[in-house]
Amino acid sequence: EDGYDLWLRYAPVHESRLAGYRAHATELVVPADTATARATRDELARGLRGLLGQAPATAARARRDGAVVVGTPASSPQLAALKLDLSGLGEEGYLVRSVRIDGRPATVVVANSDVGALYGAFHFLRLIQTAQPLAALDIREAPRTQVRVLNHWDNLDRYVERGYAGESIWDWHRLPDWKDPRYTDYARANASIGINGTVLNNVNTSAQALTPAYLEKTAALAEVFRPFGIKVYLSARFSAPIEIGGLETADPLDPAVRRWWKAKAEEIYRTIPDFGGFLVKANSEGQPGPQDYGRSHADGANMLAEALAPHGGIVMWRAFVYSHEEPDDRAKQAYNEFVPFDGQFHDRVLVQVKNGAIDFQPREPFHPLFGAMPKTPLMMEFQITKEYLGFATHLAYKGTLYEEVLRADTQVRGPGSTVARVIDGTLEAGEPGRSPLTGMAGVANIGVDRNWSGSHFDQANWFAFGRLAWDPYLEAQAIAEEWVKMTFTTDPAFVGPVVAMMMGSREAVVDYMTPLGLHHLMGRGHHYGPGPWVAGGPRADWTSVYYHRADDKGIGFDRSVNGSDAVAQYAPPVAAQFGDIDAVPEEFLLWFHHVPWDHRMASGRTLWDELVLRYGRGVDYVKGMRSTWDGLAGHVDPERHAQVAAFLAIQEKEAQWWRDASIAYFQTFSKRPLPAGQAAPPHSLEYYESLQFPFAPGDGK
Ligand code: BDP
């Protein structure tokens, strides 16, 4: 058990359920003969063999009690005869129903397309994997977003930016000739959670990715993924016309540049007929972009969209931008740069927005762009990899982070205007001229490690992202339960405590790293470990002191009307709440306010005391996770148990380090004693500041 099988382990079900399940899977009927249908049949056979100890006989039509029939009405007269209502399911939705065929009980998985049936087959398997009953099924599912993609921050030399699971799984050197079987397993895993696209290369990309040799390699991957309903996309470097096209400029209004991109799109689609489109990071952190020529984001995005649109492609244009001029508050920049262009983007453009306005911190308030561009489809960008949450060694379930953001209420159209409704398009569907595109992207945490994600529990974050991209209204807790059952065991004695531990794990990271709305306090560059003292260097907004602003009066970034007034970017009721030091939720207190050390908190304690206690609470939570996990040894295979245990020990050490270093540093400003019972940091501040990690993973370029 090295974790390679992810949540598709298909371990034998408990004996007590075996007979019941077998009776509902006596015969497997997947009548279509397409690559997708074959993949569906193979997966069902593999899954049922593992779960039930034997694969059912395959047949061309159902003839026994308990057959499982999977496909489209067009592929199966037996399914057609049921005359099920498939309207509204689209190309990716499905039904899973208990029916009678020729008088015999059967389970059918029916869809309008083979890919819909594949998704339904994974759902059927998931029911067994999570110990659900199979009688009287009446499931109707369709994805609520259209573009559900992973973003790999993988360089062509296989280095993964912010990757903590080894090098890239894309073996560009051996492609297109050698197609590693791992690519197929990657596609299975993604399809099982409804992911239908993958951006293969880093947003900080080399233009090489668009050269003929790399398009051939990309085509080979597309061929592996196609049966699983997964399209390939590429990050496009805006200056590619210069670097690989020999042009003098990449000005999006220059006719030769426009012709170049059109020709490039034609070339791509000749090689990959179902290519998904481009992801673009432009005019951000030194990347080239339309502003280099005095043009706008809309000019840049629209030029690319015009080149791709005739072929059905899309552009995902990132809103993670900030210019090199010193801003008064980096948190305001994306909004300021994008809102003026609402309504001006081509209808094949999605603007891809990170969940918060800074950068994937352990907690951020929702990005103020959500709800502020009603005429433009905004796509969510979550980070699955844990750049700011302890890399792969800290156990932090991000389902709760995703859920918190998706449920946040922008209030732009009154209460209930949640971020989820912005993302799925329902909130602003009536806006004239608005493109119907919707989507969600997750920055992948995948590498060549046998367990894919660098740790066993990081697999849960990949899983949760996929499930929420499919349905942003799902609950983080329910997703964690599914994942634990599928990945480890359905035994309630294990599931209960492990899910509970996961549910609080991200809050623990917030506590021991950046409590009460603090943010961006990590080590410079690599982002490993605490660095609240980080100051100086090329940009103020790459330092910690810029964000925490601690002084002898207090701590926090004043974004109220008296400060940067970033709160004004939210709808008035939200702005009023966030902007009021007495009304702002405490978890965002120091995000929006510079707060005196003796400020009274809801607990009755002073801010300083509360801060110190929160750090300690985070460390204690990790200790609790360790003892919970130790107590569960008998329920897990020794290999996975040992690795999780070892990583929890690392996490405890590092949580303690974060707490101690942060307290040692902030105490130099607060000049107050620690609350009773709180241990002083064992080392001096100078000691923590002196620690160097030149080879921490993730930051090399
Ligand atoms: C930050 C990362 C950096 C990425 C950048 C981005 O530190 O490596 O290139 O975001 O999203 O989180 O473009």
# chains A, B, ... in the order shown; residues from 1 in each chain; ligands from 1
$ residues_near_ligand --ligand "ligand 1" --cutoff "9 Å" --atoms "only C-alpha atoms and all ligand atoms" --output "number ranges by chain"
A: 153, 161-162, 202-204, 281, 284-285, 318, 320-321, 354, 358-361, 383, 387-388, 443, 525-527, 698-699, 701
$ closest_atom_pairs --of "segment 612-661 of chain A" --to "segment 491-494 of chain A" --cutoff "12 Å" --atoms "only C-alpha atoms" --output "Markdown table"
| residue | atom | partner | partner_atom | distance |
| --- | --- | --- | --- | --- |
| A:Thr628 | CA | A:Phe494 | CA | 9.7 |
| A:Trp629 | CA | A:Phe494 | CA | 9.4 |
| A:Asp630 | CA | A:Phe494 | CA | 11.6 |
| A:Gly631 | CA | A:Phe494 | CA | 9.6 |
| A:Leu632 | CA | A:Phe494 | CA | 6.7 |
| A:Ala633 | CA | A:Phe494 | CA | 9.7 |
| A:Gly634 | CA | A:Phe494 | CA | 9.5 |
| A:His635 | CA | A:Phe494 | CA | 6.6 |
| A:Val636 | CA | A:Phe494 | CA | 8.7 |
$ write_last_selection --atoms "N, CA and C atoms" --output "short mmCIF file (atom, residue, chain, number, x, y, z; two decimals), in the first residue's frame"
data_model
loop_
_atom_site.label_atom_id
_atom_site.label_comp_id
_atom_site.auth_asym_id
_atom_site.auth_seq_id
_atom_site.Cartn_x
_atom_site.Cartn_y
_atom_site.Cartn_z
N THR A 628 -4.64 10.87 17.88
CA THR A 628 -5.74 10.18 17.19
C THR A 628 -5.18 9.15 16.22
N TRP A 629 -4.23 9.60 15.43
CA TRP A 629 -3.68 8.71 14.40
C TRP A 629 -2.97 7.52 15.02
N ASP A 630 -2.21 7.77 16.08
CA ASP A 630 -1.53 6.66 16.74
C ASP A 630 -2.53 5.60 17.19
N GLY A 631 -3.67 6.07 17.67
CA GLY A 631 -4.68 5.15 18.17
C GLY A 631 -5.37 4.35 17.07
N LEU A 632 -5.14 4.72 15.82
CA LEU A 632 -5.85 4.05 14.73
C LEU A 632 -4.97 3.05 13.98
N ALA A 633 -3.81 2.76 14.55
CA ALA A 633 -2.85 1.91 13.85
C ALA A 633 -3.48 0.62 13.35
N GLY A 634 -4.34 0.03 14.14
CA GLY A 634 -4.91 -1.27 13.77
C GLY A 634 -5.85 -1.20 12.56
N HIS A 635 -6.26 -0.01 12.18
CA HIS A 635 -7.24 0.11 11.09
C HIS A 635 -6.62 0.37 9.73
N VAL A 636 -5.32 0.63 9.70
CA VAL A 636 -4.67 1.02 8.45
C VAL A 636 -3.48 0.11 8.21
#
$ closest_residue --among "A:Thr400, A:Thr58, A:Ser505, A:Thr385" --to "Asp458 of chain A" --atoms "only C-alpha atoms"
A:Thr385
$ residues_around --residues "segment 588-597 of chain A" --least-positions-apart "2" --cutoff "8 Å" --atoms "only C-alpha atoms" --output "list in words"
Glu364, Pro365, Leu516, Gly517, Leu518, His519, His548, Arg549, Lys553, Gly554, Ile555, Gly556, Phe557, Asp558, Arg559, Ser560, Val567, Phe578, Gly579, Ile581, Val584, Pro585, Glu586, His599, Thr606, Leu607, Trp608 and Ser670 of chain A
$ residues_around --residues "Gln656 of chain A" --least-positions-apart "6" --cutoff "12 Å" --atoms "only C-alpha atoms" --output "ChimeraX atom specification"
/A:508-509,511-513,529-530,615-623,649-650,662-664,679-683,688
$ write_last_selection --atoms "C-alpha atoms" --output "PDB file, in the first residue's frame"
ATOM      1  CA  ALA A 508      -5.051  24.527  12.917  1.00  0.00           C
ATOM      2  CA  VAL A 509      -2.696  25.707  10.180  1.00  0.00           C
ATOM      3  CA  ASP A 511      -3.791  29.165  14.023  1.00  0.00           C
ATOM      4  CA  TYR A 512      -0.143  28.200  14.109  1.00  0.00           C
ATOM      5  CA  MET A 513       0.872  30.208  11.035  1.00  0.00           C
ATOM      6  CA  GLY A 529       8.595  28.139   7.591  1.00  0.00           C
ATOM      7  CA  PRO A 530       7.959  31.380   9.481  1.00  0.00           C
ATOM      8  CA  TYR A 615      -0.727  29.996  18.048  1.00  0.00           C
ATOM      9  CA  GLY A 616      -0.725  27.492  20.856  1.00  0.00           C
ATOM     10  CA  ARG A 617      -4.139  26.165  19.928  1.00  0.00           C
ATOM     11  CA  GLY A 618      -2.813  25.313  16.477  1.00  0.00           C
ATOM     12  CA  VAL A 619       0.087  23.361  17.924  1.00  0.00           C
ATOM     13  CA  ASP A 620      -2.225  21.537  20.317  1.00  0.00           C
ATOM     14  CA  TYR A 621      -4.486  20.510  17.467  1.00  0.00           C
ATOM     15  CA  VAL A 622      -1.564  18.867  15.719  1.00  0.00           C
ATOM     16  CA  LYS A 623      -0.676  17.018  18.916  1.00  0.00           C
ATOM     17  CA  ALA A 649       5.585  14.421  13.782  1.00  0.00           C
ATOM     18  CA  ILE A 650       7.205  16.800  11.282  1.00  0.00           C
ATOM     19  CA  SER A 662       6.130  34.287  15.507  1.00  0.00           C
ATOM     20  CA  ILE A 663       5.702  34.980  19.212  1.00  0.00           C
ATOM     21  CA  ALA A 664       9.393  35.790  19.653  1.00  0.00           C
ATOM     22  CA  ALA A 679       5.674  28.794  27.403  1.00  0.00           C
ATOM     23  CA  ALA A 680       8.277  31.265  26.213  1.00  0.00           C
ATOM     24  CA  PRO A 681       9.925  30.414  22.876  1.00  0.00           C
ATOM     25  CA  PRO A 682      12.936  28.217  23.625  1.00  0.00           C
ATOM     26  CA  HIS A 683      15.271  30.240  21.368  1.00  0.00           C
ATOM     27  CA  TYR A 688      14.869  31.862  14.306  1.00  0.00           C
TER      28      TYR A 688
END
$ select_by_dssp --residues "segment 552-656 of chain A" --states "strand (DSSP E)" --output "VMD selection string"
chain A and resid 554 to 555 595 to 596
$ select_by_dssp --residues "segment 84-209 of chain A" --states "helix (DSSP H, G or I)" --output "PyMOL selection string"
chain A and resi 114-129+181-192+207-209
$ write_last_selection --atoms "C-alpha atoms" --output "short mmCIF file (atom, residue, chain, number, x, y, z; two decimals), in the first residue's frame"
data_model
loop_
_atom_site.label_atom_id
_atom_site.label_comp_id
_atom_site.auth_asym_id
_atom_site.auth_seq_id
_atom_site.Cartn_x
_atom_site.Cartn_y
_atom_site.Cartn_z
CA ASP A 114 -20.44 7.91 -23.35
CA VAL A 115 -18.55 10.29 -21.09
CA GLY A 116 -21.71 10.94 -19.06
CA ALA A 117 -22.05 7.16 -18.69
CA LEU A 118 -18.41 6.93 -17.56
CA TYR A 119 -19.08 9.52 -14.85
CA GLY A 120 -22.17 7.59 -13.84
CA ALA A 121 -20.17 4.36 -13.65
CA PHE A 122 -17.74 6.02 -11.25
CA HIS A 123 -20.69 7.17 -9.18
CA PHE A 124 -22.06 3.64 -9.08
CA LEU A 125 -18.69 2.34 -7.89
CA ARG A 126 -18.49 5.12 -5.32
CA LEU A 127 -21.79 3.97 -3.84
CA ILE A 128 -20.26 0.58 -3.13
CA GLN A 129 -16.93 2.06 -2.02
CA PRO A 181 0.85 3.94 -18.09
CA ARG A 182 0.66 6.47 -15.33
CA TYR A 183 -1.04 8.87 -17.75
CA THR A 184 -3.96 6.49 -17.98
CA ASP A 185 -4.22 6.21 -14.21
CA TYR A 186 -4.08 9.99 -14.01
CA ALA A 187 -6.99 10.20 -16.43
CA ARG A 188 -8.99 7.59 -14.51
CA ALA A 189 -8.50 9.42 -11.25
CA ASN A 190 -9.56 12.73 -12.73
CA ALA A 191 -12.54 11.32 -14.55
CA SER A 192 -13.67 9.63 -11.35
CA ALA A 207 7.09 29.64 -25.39
CA GLN A 208 8.65 26.30 -26.32
CA ALA A 209 5.45 24.61 -25.22
#
